[in-house]
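Participant: Dropping in coords-v1.cif, with mmCIF, C-alpha atoms.
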```cif
data_entry
#
loop_
_atom_site.label_atom_id
_atom_site.label_comp_id
_atom_site.auth_asym_id
_atom_site.auth_seq_id
_atom_site.Cartn_x
_atom_site.Cartn_y
_atom_site.Cartn_z
CA MET H 9 15.33 -4.64 -32.68
CA LYS H 10 13.41 -1.47 -32.05
CA ARG H 11 15.10 1.12 -29.90
CA VAL H 12 13.20 2.18 -26.78
CA ALA H 13 12.86 5.97 -26.67
CA PRO H 14 13.63 7.14 -23.13
CA TYR H 15 11.67 9.63 -21.06
CA ARG H 16 13.29 12.97 -20.33
CA ALA H 17 15.14 13.40 -17.06
CA PRO H 18 13.76 16.15 -14.81
CA SER H 19 15.57 19.49 -14.56
CA PRO H 20 17.60 19.72 -11.34
CA GLY H 21 15.54 20.75 -8.33
CA THR H 22 12.15 20.29 -9.98
CA GLN H 23 11.50 16.99 -8.20
CA PRO H 24 12.03 16.42 -4.46
CA ASN H 25 14.99 14.54 -3.03
CA HIS H 26 14.03 11.49 -1.03
CA LEU H 27 15.40 12.99 2.16
CA HIS H 28 13.86 16.29 3.27
CA PRO H 29 14.71 16.53 6.99
CA PRO H 30 12.08 19.19 7.84
CA TYR H 31 9.53 16.51 6.90
CA LEU H 32 10.35 14.17 9.76
CA SER H 33 8.79 11.04 8.28
CA SER H 34 11.34 11.12 5.46
CA ILE H 35 14.28 10.65 7.86
CA LYS H 36 13.78 6.93 8.53
CA ARG H 37 12.17 6.15 5.18
CA ALA H 38 14.29 7.85 2.53
CA PRO H 39 16.72 5.39 0.92
CA SER H 40 20.25 6.06 2.22
CA LYS H 41 22.19 4.51 -0.66
CA PRO H 42 22.36 6.08 -4.13
CA GLN H 43 19.74 4.81 -6.52
CA VAL H 44 21.01 2.79 -9.44
CA PRO H 45 20.41 4.49 -12.80
CA ILE H 46 18.98 2.10 -15.38
CA PRO H 47 18.21 2.52 -19.07
CA TYR H 48 14.63 2.46 -20.27
CA THR H 49 13.43 -0.93 -21.41
CA LEU H 50 10.07 -2.21 -22.58
CA SER H 51 9.17 -2.70 -18.89
CA GLU H 52 9.33 1.03 -18.13
CA VAL H 53 7.81 2.47 -21.34
CA THR H 54 4.74 0.26 -21.06
CA GLY H 55 2.34 0.52 -18.15
CA PRO H 56 -1.14 -0.24 -16.90
CA SER H 57 -4.17 1.15 -18.66
CA PHE H 58 -7.82 1.03 -17.78
CA GLY H 59 -10.83 1.17 -20.01
CA THR H 60 -13.19 4.11 -19.78
CA GLU H 61 -15.85 1.62 -18.64
CA ILE H 62 -14.29 1.23 -15.19
CA VAL H 63 -14.91 4.89 -14.37
CA SER H 64 -18.48 5.83 -13.60
CA PRO H 65 -19.34 9.46 -14.39
CA GLN H 66 -20.69 9.92 -10.84
CA ALA H 67 -17.24 9.18 -9.41
CA SER H 68 -16.02 12.65 -10.36
CA ASP H 69 -18.68 14.38 -8.23
CA LEU H 70 -17.63 14.05 -4.60
CA THR H 71 -20.70 15.98 -3.42
CA ARG H 72 -23.06 13.19 -4.56
CA GLY H 73 -23.76 9.68 -3.43
CA HIS H 74 -24.79 10.47 0.12
CA SER H 75 -28.19 11.25 1.62
CA ALA H 76 -27.54 14.99 1.64
CA GLU H 77 -25.00 17.52 0.44
CA PRO H 78 -21.67 17.76 2.26
CA LEU H 79 -20.86 20.80 4.36
CA GLY H 80 -18.40 23.27 2.96
CA GLU H 81 -17.75 25.42 -0.03
CA ARG H 82 -18.57 23.67 -3.32
CA ILE H 83 -15.74 23.95 -5.86
CA ILE H 84 -14.96 22.74 -9.36
CA VAL H 85 -11.42 21.41 -9.83
CA SER H 86 -10.55 20.90 -13.47
CA GLY H 87 -7.62 21.00 -15.81
CA ARG H 88 -5.69 19.23 -18.49
CA VAL H 89 -3.21 16.42 -18.28
CA ILE H 90 -0.49 16.97 -20.87
CA ASP H 91 3.06 15.74 -21.27
CA GLU H 92 6.29 17.72 -21.36
CA ASN H 93 5.93 17.93 -25.14
CA SER H 94 2.53 19.63 -24.70
CA ARG H 95 0.62 16.60 -25.98
CA PRO H 96 -2.67 15.76 -24.27
CA VAL H 97 -2.65 12.59 -22.20
CA ALA H 98 -5.98 11.02 -23.13
CA ASN H 99 -7.86 8.21 -21.37
CA THR H 100 -5.73 8.23 -18.27
CA VAL H 101 -7.16 7.62 -14.82
CA VAL H 102 -7.00 10.52 -12.34
CA GLU H 103 -7.63 9.64 -8.70
CA ILE H 104 -8.14 12.17 -5.91
CA TRP H 105 -8.67 12.08 -2.16
CA GLN H 106 -9.01 14.82 0.41
CA ALA H 107 -10.10 15.94 3.86
CA ASN H 108 -13.59 17.29 4.46
CA ALA H 109 -14.36 20.98 4.97
CA ALA H 110 -13.38 20.71 8.65
CA GLY H 111 -9.97 19.25 7.82
CA ARG H 112 -10.76 15.64 8.73
CA TYR H 113 -10.16 12.54 6.59
CA ARG H 114 -12.57 9.63 6.60
CA HIS H 115 -9.77 7.27 7.64
CA GLU H 116 -9.19 5.29 10.84
CA VAL H 117 -5.71 6.76 11.29
CA ASP H 118 -6.94 10.37 11.32
CA GLN H 119 -7.54 11.32 14.97
CA HIS H 120 -7.94 15.08 14.45
CA ASN H 121 -10.75 16.25 16.72
CA ALA H 122 -12.68 17.88 13.88
CA PRO H 123 -16.03 16.36 12.89
CA LEU H 124 -16.53 13.80 10.19
CA ASP H 125 -19.18 14.71 7.65
CA PRO H 126 -21.62 11.84 7.03
CA ASN H 127 -22.16 13.25 3.55
CA PHE H 128 -18.54 13.36 2.46
CA THR H 129 -16.17 10.49 1.74
CA GLY H 130 -13.46 12.49 -0.03
CA SER H 131 -12.76 9.96 -2.77
CA GLY H 132 -13.07 10.60 -6.50
CA HIS H 133 -11.77 9.45 -9.83
CA ALA H 134 -12.13 10.34 -13.46
CA ILE H 135 -10.62 9.50 -16.82
CA THR H 136 -9.26 12.17 -19.13
CA ASP H 137 -10.95 12.88 -22.45
CA ALA H 138 -9.26 13.05 -25.85
CA GLU H 139 -7.85 16.50 -25.00
CA GLY H 140 -6.53 15.32 -21.62
CA ARG H 141 -9.24 17.16 -19.71
CA TYR H 142 -10.62 16.12 -16.33
CA ARG H 143 -13.15 17.74 -14.00
CA PHE H 144 -14.18 17.13 -10.40
CA VAL H 145 -16.96 18.63 -8.31
CA THR H 146 -16.03 18.65 -4.64
CA ILE H 147 -15.81 20.88 -1.57
CA ARG H 148 -12.83 22.92 -0.51
CA PRO H 149 -10.81 20.80 1.95
CA GLY H 150 -9.99 22.25 5.34
CA GLU H 151 -6.52 22.80 6.73
CA TYR H 152 -5.57 20.44 9.53
CA PRO H 153 -2.92 20.02 12.22
CA TRP H 154 -0.30 17.28 12.10
CA ARG H 155 2.45 16.20 14.43
CA ASN H 156 5.51 17.03 12.35
CA HIS H 157 6.61 19.91 14.57
CA TYR H 158 5.17 22.36 17.10
CA ASN H 159 1.96 23.94 15.83
CA ALA H 160 2.26 22.23 12.46
CA TRP H 161 -0.62 22.62 10.02
CA ARG H 162 -0.94 21.26 6.52
CA ALA H 163 -1.90 23.80 3.88
CA ALA H 164 -5.24 22.90 2.29
CA HIS H 165 -4.63 20.35 -0.46
CA ILE H 166 -6.14 17.65 -2.63
CA HIS H 167 -4.14 14.48 -3.32
CA PHE H 168 -3.81 13.47 -6.98
CA SER H 169 -2.68 10.16 -8.50
CA LEU H 170 -2.13 9.65 -12.24
CA PHE H 171 -0.88 6.80 -14.38
CA GLY H 172 -0.14 8.32 -17.78
CA PRO H 173 0.86 6.06 -20.67
CA ALA H 174 3.74 4.18 -19.03
CA PHE H 175 5.28 2.88 -15.82
CA ALA H 176 7.68 5.82 -16.24
CA THR H 177 4.95 8.45 -16.11
CA ARG H 178 3.28 7.43 -12.84
CA LEU H 179 2.74 10.50 -10.64
CA VAL H 180 1.39 11.09 -7.15
CA THR H 181 1.17 14.72 -6.11
CA GLN H 182 -0.90 17.29 -4.21
CA MET H 183 -2.78 20.37 -5.40
CA TYR H 184 -2.85 23.53 -3.29
CA PHE H 185 -5.04 26.65 -3.25
CA PRO H 186 -3.93 30.17 -4.18
CA GLY H 187 -3.29 32.54 -1.30
CA ASP H 188 -3.18 29.87 1.41
CA PRO H 189 -1.12 31.45 4.22
CA LEU H 190 0.05 28.04 5.46
CA MET H 191 2.10 27.17 2.37
CA PRO H 192 5.33 28.87 3.50
CA TYR H 193 5.22 26.84 6.73
CA ASP H 194 4.37 23.46 5.18
CA PRO H 195 7.47 21.22 4.80
CA ILE H 196 5.63 18.92 2.39
CA PHE H 197 4.75 21.76 0.05
CA ASN H 198 8.33 23.02 0.35
CA CYS H 199 10.12 19.71 -0.26
CA THR H 200 10.82 20.66 -3.88
CA ALA H 201 13.82 22.98 -4.11
CA ASP H 202 12.84 24.79 -7.31
CA GLU H 203 10.40 27.55 -6.43
CA LYS H 204 8.72 27.66 -9.83
CA ALA H 205 8.21 23.90 -9.81
CA ARG H 206 6.77 24.12 -6.32
CA ASN H 207 4.42 26.92 -7.25
CA ARG H 208 3.04 24.88 -10.14
CA LEU H 209 1.34 22.76 -7.46
CA ILE H 210 -0.88 25.76 -6.67
CA SER H 211 -4.14 25.77 -8.57
CA ARG H 212 -5.47 29.09 -9.81
CA PHE H 213 -8.89 30.57 -9.43
CA ASP H 214 -10.66 30.15 -12.75
CA TRP H 215 -13.56 32.43 -13.59
CA GLU H 216 -14.28 30.44 -16.76
CA THR H 217 -15.16 27.26 -14.88
CA THR H 218 -16.83 29.03 -11.97
CA ILE H 219 -20.56 28.28 -12.03
CA PRO H 220 -22.81 31.27 -11.21
CA ASP H 221 -24.62 30.87 -7.88
CA GLN H 222 -23.10 27.43 -7.48
CA ALA H 223 -19.35 26.86 -7.21
CA LEU H 224 -15.94 28.50 -7.59
CA GLY H 225 -13.66 27.02 -10.22
CA TYR H 226 -10.01 26.12 -9.64
CA ARG H 227 -7.77 25.10 -12.49
CA PHE H 228 -4.94 22.61 -12.03
CA ASP H 229 -3.04 21.46 -15.10
CA ILE H 230 -0.81 18.44 -14.66
CA ILE H 231 2.28 17.73 -16.72
CA LEU H 232 3.49 14.16 -17.01
CA ARG H 233 6.96 13.22 -18.18
CA GLY H 234 7.49 13.29 -21.93
CA ARG H 235 9.65 11.35 -24.32
CA GLU H 236 13.19 12.54 -24.95
CA ALA H 237 12.73 12.20 -28.68
CA THR H 238 9.60 11.95 -30.76
CA PRO H 239 8.90 8.22 -30.99
CA MET H 240 9.10 6.85 -34.50
CA GLU H 241 5.74 6.22 -36.09
CA GLU H 242 5.21 2.56 -36.86
CA MET C 3 9.96 24.25 -26.17
CA SER C 4 9.36 21.78 -23.46
CA LEU C 5 7.45 21.87 -20.22
CA GLN C 6 8.59 20.43 -16.90
CA ALA C 7 6.81 17.54 -15.29
CA THR C 8 4.68 18.33 -12.24
CA THR C 9 6.61 17.79 -9.04
CA SER C 10 5.90 14.68 -7.02
CA GLN C 11 4.48 14.81 -3.48
CA THR C 12 4.07 12.18 -0.81
CA VAL C 13 1.04 9.90 -0.97
CA GLY C 14 0.56 10.57 2.77
CA PRO C 15 -1.13 8.24 5.25
CA PHE C 16 -4.70 8.47 3.94
CA PHE C 17 -4.31 7.12 0.39
CA LYS C 18 -6.81 4.31 0.97
CA ILE C 19 -9.62 6.81 0.51
CA GLY C 20 -8.66 7.51 -3.08
CA LEU C 21 -6.74 4.43 -4.18
CA GLN C 22 -8.71 1.53 -2.71
CA TRP C 23 -11.10 1.20 -5.67
CA LEU C 24 -8.17 -0.03 -7.81
CA TYR C 25 -6.62 -2.39 -5.24
CA ARG C 26 -5.80 -5.67 -7.03
CA ASP C 27 -4.11 -8.44 -5.10
CA ASN C 28 -4.82 -11.15 -7.64
CA LEU C 29 -3.59 -10.41 -11.16
CA VAL C 30 -4.65 -13.76 -12.59
CA GLY C 31 -7.99 -13.93 -14.37
CA GLU C 32 -9.80 -16.78 -16.12
CA GLY C 33 -7.81 -18.98 -18.46
CA VAL C 34 -4.44 -17.34 -17.86
CA SER C 35 -1.38 -19.44 -18.61
CA GLY C 36 1.82 -19.54 -16.60
CA GLU C 37 3.21 -20.57 -13.26
CA ARG C 38 1.12 -19.21 -10.37
CA VAL C 39 3.12 -17.49 -7.66
CA THR C 40 2.16 -15.81 -4.41
CA ILE C 41 4.59 -13.08 -3.48
CA GLN C 42 4.57 -11.76 0.05
CA GLY C 43 6.83 -9.47 1.95
CA ARG C 44 7.23 -6.80 4.54
CA ILE C 45 8.49 -3.25 4.39
CA PHE C 46 10.91 -1.97 7.04
CA ASP C 47 12.14 1.53 7.82
CA GLY C 48 15.64 2.61 8.89
CA ASP C 49 15.02 1.38 12.45
CA GLY C 50 13.77 -2.00 11.25
CA VAL C 51 10.23 -0.99 12.16
CA PRO C 52 7.51 -2.33 9.82
CA VAL C 53 5.88 0.33 7.65
CA PRO C 54 2.09 0.01 7.98
CA ASP C 55 1.17 2.79 5.57
CA ALA C 56 2.82 1.88 2.29
CA ILE C 57 1.29 0.88 -1.00
CA VAL C 58 2.92 -1.37 -3.60
CA GLU C 59 2.08 -1.28 -7.31
CA ILE C 60 2.86 -4.05 -9.73
CA TRP C 61 3.47 -4.00 -13.47
CA GLN C 62 4.49 -7.07 -15.42
CA ALA C 63 4.32 -9.01 -18.67
CA ASN C 64 2.29 -12.18 -19.12
CA ALA C 65 3.76 -15.67 -19.20
CA HIS C 66 4.71 -15.20 -22.85
CA GLY C 67 6.72 -12.07 -22.06
CA LYS C 68 4.14 -9.75 -23.60
CA TYR C 69 2.91 -6.52 -21.99
CA ALA C 70 -0.75 -5.57 -22.34
CA HIS C 71 0.23 -2.22 -23.81
CA PRO C 72 0.28 -0.84 -27.38
CA GLU C 73 4.00 -0.09 -27.25
CA ASP C 74 4.75 -3.79 -26.94
CA THR C 75 4.78 -4.76 -30.63
CA GLN C 76 6.33 -8.20 -30.11
CA ASP C 77 4.70 -11.04 -31.98
CA LYS C 78 3.59 -12.82 -28.79
CA PRO C 79 0.05 -13.61 -27.57
CA LEU C 80 -1.92 -11.35 -25.25
CA GLU C 81 -4.25 -13.01 -22.77
CA PRO C 82 -7.58 -11.31 -22.02
CA GLY C 83 -7.47 -12.46 -18.39
CA PHE C 84 -4.12 -10.87 -17.67
CA LYS C 85 -3.52 -7.12 -17.66
CA GLY C 86 -0.33 -7.11 -15.59
CA TYR C 87 -1.48 -4.50 -13.09
CA GLY C 88 -1.70 -4.90 -9.32
CA ARG C 89 -1.94 -2.61 -6.30
CA VAL C 90 -1.71 -3.80 -2.69
CA PRO C 91 -1.46 -1.86 0.57
CA ALA C 92 0.72 -2.91 3.47
CA ASN C 93 -1.22 -4.12 6.51
CA PRO C 94 -0.60 -2.89 10.10
CA GLU C 95 2.35 -5.31 10.33
CA GLY C 96 3.93 -3.80 7.22
CA ALA C 97 3.10 -6.91 5.18
CA PHE C 98 1.74 -7.16 1.66
CA ARG C 99 0.85 -10.12 -0.55
CA PHE C 100 -0.29 -10.67 -4.13
CA VAL C 101 -1.00 -13.53 -6.48
CA THR C 102 0.31 -13.48 -10.03
CA ILE C 103 2.10 -15.59 -12.63
CA LYS C 104 5.80 -15.66 -13.33
CA PRO C 105 6.22 -13.40 -16.37
CA GLY C 106 8.06 -14.49 -19.47
CA PRO C 107 11.24 -12.72 -20.54
CA VAL C 108 10.98 -9.38 -22.35
CA PRO C 109 13.57 -7.66 -24.58
CA GLY C 110 16.44 -5.85 -22.89
CA PRO C 111 18.63 -2.90 -23.81
CA ASN C 112 21.42 -5.01 -25.30
CA GLY C 113 19.17 -6.87 -27.70
CA LYS C 114 19.11 -9.86 -25.35
CA GLU C 115 16.16 -11.00 -23.30
CA GLN C 116 15.88 -9.72 -19.76
CA ALA C 117 15.37 -12.24 -16.99
CA PRO C 118 11.72 -12.50 -15.87
CA HIS C 119 10.92 -9.63 -13.53
CA ILE C 120 8.13 -7.51 -12.09
CA ALA C 121 8.37 -3.70 -12.10
CA ILE C 122 7.46 -2.29 -8.69
CA SER C 123 6.50 1.19 -7.48
CA ILE C 124 6.28 1.86 -3.75
CA PHE C 125 4.57 4.87 -2.18
CA MET C 126 4.25 5.74 1.49
CA ARG C 127 4.02 8.57 3.98
CA GLY C 128 7.49 10.10 4.28
CA VAL C 129 8.47 9.16 0.74
CA LEU C 130 8.32 12.24 -1.45
CA ARG C 131 8.61 10.53 -4.81
CA ARG C 132 7.92 6.93 -5.57
CA LEU C 133 10.47 4.21 -5.07
CA VAL C 134 11.12 2.11 -8.16
CA THR C 135 12.49 -1.40 -7.91
CA ARG C 136 12.08 -4.87 -9.42
CA ILE C 137 11.32 -8.38 -8.26
CA TYR C 138 13.32 -11.15 -9.95
CA PHE C 139 12.76 -14.88 -9.46
CA PRO C 140 14.86 -17.50 -7.65
CA ASP C 141 16.47 -20.43 -9.49
CA GLU C 142 16.26 -18.51 -12.73
CA PRO C 143 19.29 -19.12 -14.98
CA ARG C 144 18.62 -15.93 -16.96
CA ASN C 145 19.35 -13.78 -13.88
CA ALA C 146 23.11 -14.20 -14.38
CA ALA C 147 23.10 -12.38 -17.73
CA ASP C 148 20.33 -9.87 -16.98
CA TYR C 149 21.40 -6.41 -18.12
CA ILE C 150 19.73 -4.52 -15.28
CA LEU C 151 20.85 -6.91 -12.51
CA ASN C 152 24.39 -6.55 -13.81
CA LEU C 153 24.24 -2.79 -13.25
CA VAL C 154 23.89 -3.52 -9.52
CA GLU C 155 26.89 -4.35 -7.36
CA PRO C 156 26.88 -8.13 -6.77
CA ALA C 157 26.50 -7.87 -2.99
CA ARG C 158 23.21 -5.97 -3.36
CA ARG C 159 21.63 -8.07 -6.12
CA PRO C 160 19.98 -10.52 -3.69
CA THR C 161 17.71 -7.68 -2.48
CA LEU C 162 16.01 -7.83 -5.89
CA ILE C 163 15.51 -11.60 -6.01
CA ALA C 164 12.54 -13.16 -4.24
CA LYS C 165 13.24 -16.15 -2.02
CA LYS C 166 11.36 -19.41 -1.90
CA ILE C 167 9.38 -19.89 1.26
CA ALA C 168 10.42 -23.15 2.89
CA GLY C 169 7.86 -25.85 2.28
CA GLY C 170 5.76 -23.71 -0.01
CA LEU C 171 5.20 -24.87 -3.58
CA SER C 172 4.57 -21.49 -5.15
CA GLY C 173 5.22 -19.05 -2.32
CA LEU C 174 7.89 -16.40 -2.65
CA GLU C 175 9.09 -13.84 -0.16
CA TRP C 176 10.43 -10.42 -1.11
CA ASN C 177 11.05 -7.86 1.60
CA VAL C 178 11.73 -4.16 1.23
CA VAL C 179 14.33 -2.53 3.47
CA LEU C 180 14.40 1.25 3.16
CA GLN C 181 17.77 1.98 4.78
CA GLY C 182 20.93 0.33 6.04
CA PRO C 183 23.26 -2.51 5.11
CA ASP C 184 20.47 -4.66 3.68
CA GLU C 185 18.81 -1.74 1.89
CA THR C 186 16.78 -2.77 -1.13
CA VAL C 187 18.15 -1.57 -4.45
CA PHE C 188 16.02 1.25 -5.85
CA PHE C 189 16.37 2.39 -9.42
CA ASP C 190 16.73 5.86 -10.83
CA LEU C 191 14.57 6.39 -13.88
CA GLY C 192 15.13 10.10 -13.52
CA LEU C 193 11.92 10.08 -11.48
#
```
Let me see whether you can do it: turn the structure in this file into structure tokens.
Facilitator:
Amino acid sequence: MKRVAPYRAPSPGTQPNHLHPPYLSSIKRAPSKPQVPIPYTLSEVTGPSFGTEIVSPQASDLTRGHSAEPLGERIIVSGRVIDENSRPVANTVVEIWQANAAGRYRHEVDQHNAPLDPNFTGSGHAITDAEGRYRFVTIRPGEYPWRNHYNAWRAAHIHFSLFGPAFATRLVTQMYFPGDPLMPYDPIFNCTADEKARNRLISRFDWETTIPDQALGYRFDIILRGREATPMEE
Amino acid sequence: MSLQATTSQTVGPFFKIGLQWLYRDNLVGEGVSGERVTIQGRIFDGDGVPVPDAIVEIWQANAHGKYAHPEDTQDKPLEPGFKGYGRVPANPEGAFRFVTIKPGPVPGPNGKEQAPHIAISIFMRGVLRRLVTRIYFPDEPRNAADYILNLVEPARRPTLIAKKIAGGLSGLEWNVVLQGPDETVFFDLGL
């Protein structure tokens, strides 16, 4: 029977441990027993896929769909989804969610005393093209306080969720903004030990995708796990 | 030359905003074959407190043991009404529930069939990279020889096997315990 080509294991420190005590919520939720290593089987190298038809083109513009424009600084967030072997990940769903410009989420759990914006929901999704490209139009999210420790503030960020080609490639992460002074103080940003890996979560200002008189461009490329060996062609 | 995968971050407490559009608590479409099952459970933290802000994702084969994915080249039928994907949030009591069919067996690493199982990802605030586990089925003779189950110490295997709900015909219960003596087995895929 056909051998299942495994996905590459991450380099040490480039992914967070489950327990990161400065992030208090991890203390009672991180598994305490060692995880059981398992080989890759058909169950892990397959995974859900969605047709391009489920994604409406409007869903990638978070500034539309309301009666007026949202408050805040319009931005373009775009990039490529590739794998560790530099291959584009085509036709994969990218989901994002974020706070509004005042740092408030449209969510019943968010009690921050900043205003909601009736013209901003903070939800978007897109599907990558044949080159793995995606593009969102949104507003720059605000920083906001949280209760992790005294005077705790989250650095400005956008949440990202990606499927990739397999159960093994599923990724949920957060994108940050260059020069944000809150990053050194944010235990969620800092939960990954490897500094270079951590800094790859920071988007970069991108003059190429900046639209004159309209919106600044930020580029955020996402790398999904790649196969250990080139899979055999059928 | 190889790149390194982007580092994982917590899904946080507000994921509903971005993930709700793909919530699926019923995986079974029109004309799908197989034994219908409803799987419900609760998620508990290290203090035994229910976790109200978790999200569970489901990936499974159809009743023939075929995945709706191009890398599954087995000569088994696909069913248009069954894609094998589900996504359900926990409610304020830490409970989740989904309706599916019992999958057929799929090939395992030793050339033998694996016992029927569902691949599960769990995300929540406080969890920095997803938790990976499996749901196996009760009264399933193939469990005894399952390659993956046999990698788990016997005392912990029951955490991976759903239990029948008393009196229910097709109801199964599978709880997730994040820490402690009854901690659910989570798998390391190098994730």
Participant: Enumerate as a PyMOL selection string the residues belonging to chain H that approach chain C to within 7 Å, with all atoms listed in the file taken into account.
Facilitator: chain H and resi 9+17-18+22-24+26+33-34+36-40+43-46+49-51+54-56+92-93+103-105+115+130-132+179-182+205-206+230-233
Participant: Grab the CA of Gln119 (chain H) to CA of Leu79 (chain H) distance for me, in Å with one decimal place.
Facilitator: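 The value is 19.5 Å.
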Participant: Rank nothing, just name the residue among C:Ala117, C:Ile137, C:Ile167, C:Leu29 nearest to Asn152 (chain C), using all atoms listed in the file.
Facilitator: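 The closest residue to Asn152 (chain C) is C:Ala117.
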Participant: Box in all listed atoms of region 154-157 of chain C, axis-aligned, with 5 Å more on each side; write out centre and edge lengths in Å to one decimal as lines of an AutoDock Vina configuration file.
Facilitator:
```
center_x = 25.4
center_y = -5.8
center_z = -6.3
size_x = 13.0
size_y = 14.6
size_z = 16.5
```
Participant: Just give me the gap between CA of His28 (chain H) and CA of Leu209 (chain H) in Å, one decimal is fine.
Facilitator: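 Rounded to one decimal, the two atoms are 17.7 Å apart.
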Participant: Residues picked by the PyMOL selection byres ((chain H and resi 86) around 10) here, as a compact mmCIF listing (two decimals) with C-alpha atoms, in the coordinates of the input?
Facilitator:
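Wrote it out as expr-v1.txt, contents follow:
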```
# COMPACT_ATOMS: atom_id res chain seq x y z
CA ILE H 83 -15.74 23.95 -5.86
CA ILE H 84 -14.96 22.74 -9.36
CA VAL H 85 -11.42 21.41 -9.83
CA GLY H 87 -7.62 21.00 -15.81
CA ARG H 88 -5.69 19.23 -18.49
CA VAL H 89 -3.21 16.42 -18.28
CA ARG H 141 -9.24 17.16 -19.71
CA TYR H 142 -10.62 16.12 -16.33
CA ARG H 143 -13.15 17.74 -14.00
CA PHE H 144 -14.18 17.13 -10.40
CA VAL H 145 -16.96 18.63 -8.31
CA SER H 211 -4.14 25.77 -8.57
CA ASP H 214 -10.66 30.15 -12.75
CA THR H 217 -15.16 27.26 -14.88
CA GLY H 225 -13.66 27.02 -10.22
CA TYR H 226 -10.01 26.12 -9.64
CA ARG H 227 -7.77 25.10 -12.49
CA PHE H 228 -4.94 22.61 -12.03
CA ASP H 229 -3.04 21.46 -15.10
```
Participant: Counting all atoms listed in the file, select every polymer residue within 10 Å of (-5.5, -13.3, -23.7) as defined in the file's coordinates, and provide the selection as a PDB file with C-alpha atoms, in the frame of the given file.
Facilitator:
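Once everything was written out, this is part.pdb:
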```
ATOM      1  CA  GLY C  31      -7.990 -13.930 -14.370  1.00  0.00           C
ATOM      2  CA  GLU C  32      -9.800 -16.780 -16.120  1.00  0.00           C
ATOM      3  CA  GLY C  33      -7.810 -18.980 -18.460  1.00  0.00           C
ATOM      4  CA  VAL C  34      -4.440 -17.340 -17.860  1.00  0.00           C
ATOM      5  CA  SER C  35      -1.380 -19.440 -18.610  1.00  0.00           C
ATOM      6  CA  ASN C  64       2.290 -12.180 -19.120  1.00  0.00           C
ATOM      7  CA  ALA C  70      -0.750  -5.570 -22.340  1.00  0.00           C
ATOM      8  CA  PRO C  79       0.050 -13.610 -27.570  1.00  0.00           C
ATOM      9  CA  LEU C  80      -1.920 -11.350 -25.250  1.00  0.00           C
ATOM     10  CA  GLU C  81      -4.250 -13.010 -22.770  1.00  0.00           C
ATOM     11  CA  PRO C  82      -7.580 -11.310 -22.020  1.00  0.00           C
ATOM     12  CA  GLY C  83      -7.470 -12.460 -18.390  1.00  0.00           C
ATOM     13  CA  PHE C  84      -4.120 -10.870 -17.670  1.00  0.00           C
ATOM     14  CA  LYS C  85      -3.520  -7.120 -17.660  1.00  0.00           C
TER      15      LYS C  85
END
```
Participant: Determine, counting all atoms listed in the file, every residue of protein, DNA or RNA that lies within 8 Å of (4.2, -16.5, -28.2) in the file coordinates, then give the result as a ChimeraX atom specification.
Facilitator: /C:66-67,77-79
Participant: So the first atom is CA of Asp184 (chain C) and the second is CA of Pro160 (chain C); what is the distance between them in Å, to one decimal place?
Facilitator: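 Separation between CA of Asp184 (chain C) and CA of Pro160 (chain C): 9.4 Å.
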Participant: If you apply the PyMOL selection byres ((chain H and resi 148) around 10) to this file, what residues do you get, as JSON, numbers by chain?
Facilitator: {"H": [79, 80, 81, 82, 83, 84, 85, 106, 107, 108, 109, 110, 111, 145, 146, 147, 149, 150, 151, 164, 165, 166, 185, 224]}
Participant: Apply the PyMOL selection byres ((chain C and resi 38) around 12) to the displayed file and report the matching residues as a list in words.
Facilitator: Asn28, Leu29, Val30, Gly31, Val34, Ser35, Gly36, Glu37, Val39, Thr40, Ile41, Asn64, Ala65, Phe100, Val101, Thr102, Ile103, Lys104, Pro105, Leu171, Ser172, Gly173 and Leu174 of chain C
